[in-house]
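Colleague: Below you'll find the structure I mean.
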Amino acid sequence: MKEIIENHLASAVETYIKQQNVSINAAPSVEIDHTNDPQHGDFASNIAMILAKPIGLPPREIANGIIQCLSEFPLLDKCEIAGPGFINFFLTKDAYYQIIPEILEQAKDYGKSESGNSKKILLEYVSSNPTGPIHIGHGRGAAYGSVLANLLSTTGHKVTREYYVNDYGRQMDILTISVWLRYLNLQNGHDIPFPQNAYHGQYISDIASAIYNKAKSLPQPEPGELQSIINGHTEEDKKLDEIIELAKNTLKQQYHEVVFTHALDDILAGIKQDLNEFGVGFDRWYSERSLVDKNLISECMDKLESTGDIYEKEGARWFKSTAYGDEKDRVVVRENGLTTYFASDIAYHVDKYNRGFDEIINIWGADHHGYISRVKGALKAFGKDPAKLKILLVQFATLYKGDEKLQMSTRSGDYVTLKQLRDEVGNDATRFFYVMRKAEQHLDFDLELAKSESNANPVYYIQYAHARICSVFKQMTERNLNFDIETGIKSLSLLETESELKLVKAIARYPEVINIAARNLEPHQLSFYLRELANDFHAYYNSCQFLVENDALRQARFCLISATRQVIQNGLGILGVSAPEEM
RNA sequence: GCCCUGGUAGCUCAGUGGAUAGAGCACCCGCCUCCUAAGCGGGGGGUCGUAGGUUCAACUCCUACCCAGGGCACCA
């Protein structure tokens, strides 16, 4: 509809300009917009105001001239000049009611489009370290990414969802010793010293007991060895380094591997299950270790060495990222010979590019923003186009319990897990809450409020609209009436109350909302839309009775609410929120 | 100091350069002999952080400044 009007308007503008006999350098793009106020019609164009200057006439006069040139076409009721020179288009009711049979016929496909042109997109999200369970801080990225994936698929993109598993490096060593030290408690029958910066969560002890139940006699350090390490340093990181050494020397590779693998597998399985239950899925779990095993990191480093992008300083190897727009150079190989996380990230991103995607999207926590320029810099060094990589920063969710701000730290074991949150407020409310506001906005998640007032959450408001429609259908069956779509569609012109018109306009807008939300990568647009749609329905519900005697009118109304139900289902489906039949 | 993100109603937040800046919560007033009141209708409430600039038109774009949160590792 929008395009039809735009085309008519464009040709009218063309005719008008010829009539005026003026030459305009750049032909202005003729566009129309939805209006916010029904008094301004359904669509409005600002073209007259844009032309005012080049033509040299008052906007209202130009608007009038354009309207004279506009050919009539069906479904257009009238157009008016308003305000400073807007041209407002008013559609006939039939123009809107046309959408109802379309929705009923397309059903689940209503709102889908091919605007993505099968573009291949790699979407990486969550990627939290496998050193502990998913907590509330990760939940937002999870919900946001999964809705984004749905939005992009719905609009005709080919999306690959990926989770980057940091199963390599120092953090894994710390995880391993954390488990090992807890294991030693069980072996010795009493608590042994535990460094402050190791992982403190209960799950560490649980993994340790699981290992202990299978193998009770892993090698032990000499008595007092641990204590002397812990007493020997004031710096926490030095303590960890020495314990890591001790663990490797004591357990040897064979048993070290046992503890490590057990810990990683256990935690990763938990993460997968958690996300799965939360409705967050992945097509691929990409292991950082696999980069090492396939020598991709060293290949990348060699390449950078050969192009002279790496130099030595203070015993370490540095990538010259300042040459590619970063504010300082970055270490890729440490003095101790180990590669840094950044080195892995270079290899990972180069591999992403080599896998042939049209667009690569990373969803990162806001604390990672400092990495953007160095990763893009590295890609430039490899001759890759950094514009293909879009990095979306999701601001952290700060958790409050009443007025008290809760800290989120995997190390200290001081956090609320995603599972706890889901158990308390439910999957639907949790998902909806996370994507309710735009990603760049800080999110204050008040646990008390979410728990105590979960009924005030808009998700229930939307679900309630769906449940009400289902309930009405149930009542219809109980009264031995049936839903006759054909009669209903023939009778749509009987729908003429204000609330009906408002509702049909709302459901007609849905495909456009999906497109905008996908294009701007803004799931919250859909949340807001669904709330408005539910409002329009509830208003309708209160102002009109659906189960009326008049068969034609009843069937028409059922067509409208059936279409509405479909749109709510489709929209909630994209958000990953259920559409219950009763509440 | 540098970088990122916010600053819009009492609170939490929407707002593709357009017309009188909008929701929810909270507050006040109405609405169930009728399809679920987890609902509907009405009302009060605003110098859109501040100051300039661009534009026919700025909450929206640009610059500077103020305030808040986050980030600036041979950690991941």
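Starting from 1 in every chain, residues are counted up; chains themselves are A, B, ... following the order of the structure tokens, and ligands are numbered from 1 as listed.
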Residues of chain B within 7 Å of chain A, counting only C-alpha atoms (C1' of nucleotides), what are they? List them as a list in words.

Modeller: C4, U5, G6, A19, C35, U36, A38, G39, C40, C56, G70, G71, C72, C74 and A76 of chain B

Colleague: Selection from above, C-alpha atoms (C1' of nucleotides), as a short mmCIF file (atom, residue, chain, number, x, y, z; two decimals), in the first residue's frame, can you write it?

Modeller:
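Now in result_15.cif:
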```cif
data_model
loop_
_atom_site.label_atom_id
_atom_site.label_comp_id
_atom_site.auth_asym_id
_atom_site.auth_seq_id
_atom_site.Cartn_x
_atom_site.Cartn_y
_atom_site.Cartn_z
"C1'" C B 4 31.99 3.93 24.92
"C1'" U B 5 26.78 4.47 26.58
"C1'" G B 6 23.10 7.14 28.91
"C1'" A B 19 2.56 18.85 12.82
"C1'" C B 35 -17.17 -13.28 25.62
"C1'" U B 36 -11.29 -13.96 31.80
"C1'" A B 38 -3.89 -10.00 34.83
"C1'" G B 39 -8.99 -5.59 31.57
"C1'" C B 40 -11.19 -0.60 29.75
"C1'" C B 56 12.03 25.56 5.68
"C1'" G B 70 31.27 1.43 32.20
"C1'" G B 71 36.13 0.66 29.84
"C1'" C B 72 41.35 1.96 29.17
"C1'" C B 74 52.34 -9.59 28.99
"C1'" A B 76 39.90 -13.67 29.62
#
```

Colleague: Taking 5 positions as the minimum chain separation for residues in the same chain, which residues sit within 10 Å of A:Ser562 when counting only C-alpha atoms (C1' of nucleotides)? Answer as a list in words.

Modeller: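 Skipping anything fewer than 5 positions along the chain leaves Ile100, Ile103, Leu104, Ala107, His466, Ile469, Cys470, Phe473, Phe483, Ile485, Ala556, Arg557, Val567 and Ile568 of chain A.
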
Colleague: Determine which residues of stretch 140-260 of chain A receive a DSSP assignment of helix (DSSP H, G or I), computed from the backbone, and state them as a ChimeraX atom specification.

Modeller: /A:140-154,170-188,202-214,225-232,236-260

Colleague: If we count only C-alpha atoms (C1' of nucleotides) and set the cut-off at 12 Å, which residues sit around A:Ser178, ignoring sequence neighbours fewer than 3 positions away in its own chain? Please answer as a short mmCIF file (atom, residue, chain, number, x, y, z; two decimals) with C-alpha atoms, in the first residue's frame.

Modeller:
```
data_model
loop_
_atom_site.label_atom_id
_atom_site.label_comp_id
_atom_site.auth_asym_id
_atom_site.auth_seq_id
_atom_site.Cartn_x
_atom_site.Cartn_y
_atom_site.Cartn_z
CA THR A 131 34.38 -21.25 34.18
CA GLY A 132 31.00 -21.11 35.81
CA GLN A 171 41.55 -19.04 32.92
CA MET A 172 41.25 -22.72 32.26
CA ASP A 173 44.35 -23.30 34.36
CA ILE A 174 42.77 -21.38 37.21
CA LEU A 175 39.61 -23.39 36.83
CA LEU A 181 42.31 -27.80 45.47
CA ARG A 182 38.75 -28.73 46.42
CA TYR A 183 39.58 -32.27 45.44
CA LEU A 184 42.55 -32.21 47.79
CA ASN A 185 40.17 -31.28 50.63
CA ILE A 192 43.49 -26.79 52.65
CA PRO A 193 44.34 -23.16 51.81
CA PHE A 194 42.37 -21.70 48.92
CA PRO A 195 43.57 -18.60 47.06
CA GLN A 196 41.31 -15.60 46.92
CA ASN A 197 41.37 -15.32 43.12
CA ALA A 198 40.48 -18.92 42.35
CA TYR A 199 36.87 -19.86 41.61
CA HIS A 200 34.88 -20.07 44.81
CA GLY A 201 31.47 -21.25 43.61
CA GLN A 202 29.84 -24.33 45.07
CA TYR A 203 29.84 -25.97 41.63
CA ILE A 204 33.65 -26.24 41.89
CA SER A 205 33.34 -28.44 44.96
CA ASP A 206 30.61 -30.45 43.27
CA ILE A 207 32.86 -31.18 40.32
CA ALA A 208 35.66 -32.08 42.73
CA LEU A 240 47.97 -18.63 41.20
CA ILE A 243 49.89 -23.26 42.07
CA ILE A 244 49.22 -23.77 38.39
CA ALA A 247 49.37 -28.73 39.68
CA VAL A 259 40.63 -32.74 36.08
CA PHE A 260 40.54 -30.13 33.34
CA ALA A 263 35.57 -29.46 34.88
CA ARG A 411 35.46 -15.66 40.59
CA SER A 412 34.03 -15.04 44.02
CA GLY A 413 30.99 -17.18 43.35
#
```

Colleague: What residues in stretch 105-249 of chain A get the DSSP label strand (DSSP E)? Please answer as JSON, numbers by chain.

Modeller: {"A": [120, 121, 122, 123, 124, 158, 159, 160, 161, 162, 163, 164, 165]}

Colleague: Create the file for the chosen residues now, containing N, CA, C and O atoms and written as a compact mmCIF listing (two decimals), in the first residue's frame.

Modeller:
```txt
# COMPACT_ATOMS: atom_id res chain seq x y z
N LYS A 120 24.08 -14.17 4.13
CA LYS A 120 24.61 -15.09 5.14
C LYS A 120 25.21 -14.30 6.30
O LYS A 120 26.15 -13.53 6.12
N ILE A 121 24.66 -14.53 7.46
CA ILE A 121 25.10 -13.77 8.64
C ILE A 121 25.61 -14.70 9.72
O ILE A 121 24.98 -15.71 10.03
N LEU A 122 26.75 -14.35 10.27
CA LEU A 122 27.26 -15.10 11.42
C LEU A 122 26.98 -14.26 12.66
O LEU A 122 27.43 -13.12 12.76
N LEU A 123 26.23 -14.82 13.56
CA LEU A 123 25.87 -14.09 14.77
C LEU A 123 26.49 -14.80 15.98
O LEU A 123 26.12 -15.92 16.31
N GLU A 124 27.46 -14.13 16.58
CA GLU A 124 28.09 -14.72 17.76
C GLU A 124 27.58 -14.01 18.99
O GLU A 124 27.59 -12.79 19.07
N LYS A 158 20.14 -15.69 6.18
CA LYS A 158 20.59 -17.02 6.58
C LYS A 158 21.53 -16.86 7.76
O LYS A 158 22.66 -16.42 7.62
N VAL A 159 21.02 -17.20 8.93
CA VAL A 159 21.75 -16.90 10.16
C VAL A 159 22.43 -18.14 10.74
O VAL A 159 21.80 -19.18 10.86
N THR A 160 23.70 -18.01 11.05
CA THR A 160 24.40 -19.05 11.80
C THR A 160 24.68 -18.49 13.19
O THR A 160 25.31 -17.44 13.33
N ARG A 161 24.16 -19.20 14.18
CA ARG A 161 24.33 -18.71 15.56
C ARG A 161 25.51 -19.45 16.20
O ARG A 161 25.57 -20.68 16.16
N GLU A 162 26.42 -18.69 16.75
CA GLU A 162 27.65 -19.30 17.24
C GLU A 162 28.02 -18.85 18.64
O GLU A 162 27.81 -17.70 19.02
N TYR A 163 28.56 -19.78 19.40
CA TYR A 163 29.05 -19.51 20.77
C TYR A 163 30.53 -19.81 20.77
O TYR A 163 30.95 -20.91 20.42
N TYR A 164 31.33 -18.83 21.12
CA TYR A 164 32.78 -19.01 21.15
C TYR A 164 33.16 -19.48 22.54
O TYR A 164 32.93 -18.78 23.53
N VAL A 165 33.72 -20.68 22.63
CA VAL A 165 34.04 -21.27 23.92
C VAL A 165 35.50 -21.02 24.26
O VAL A 165 36.40 -21.54 23.60
```
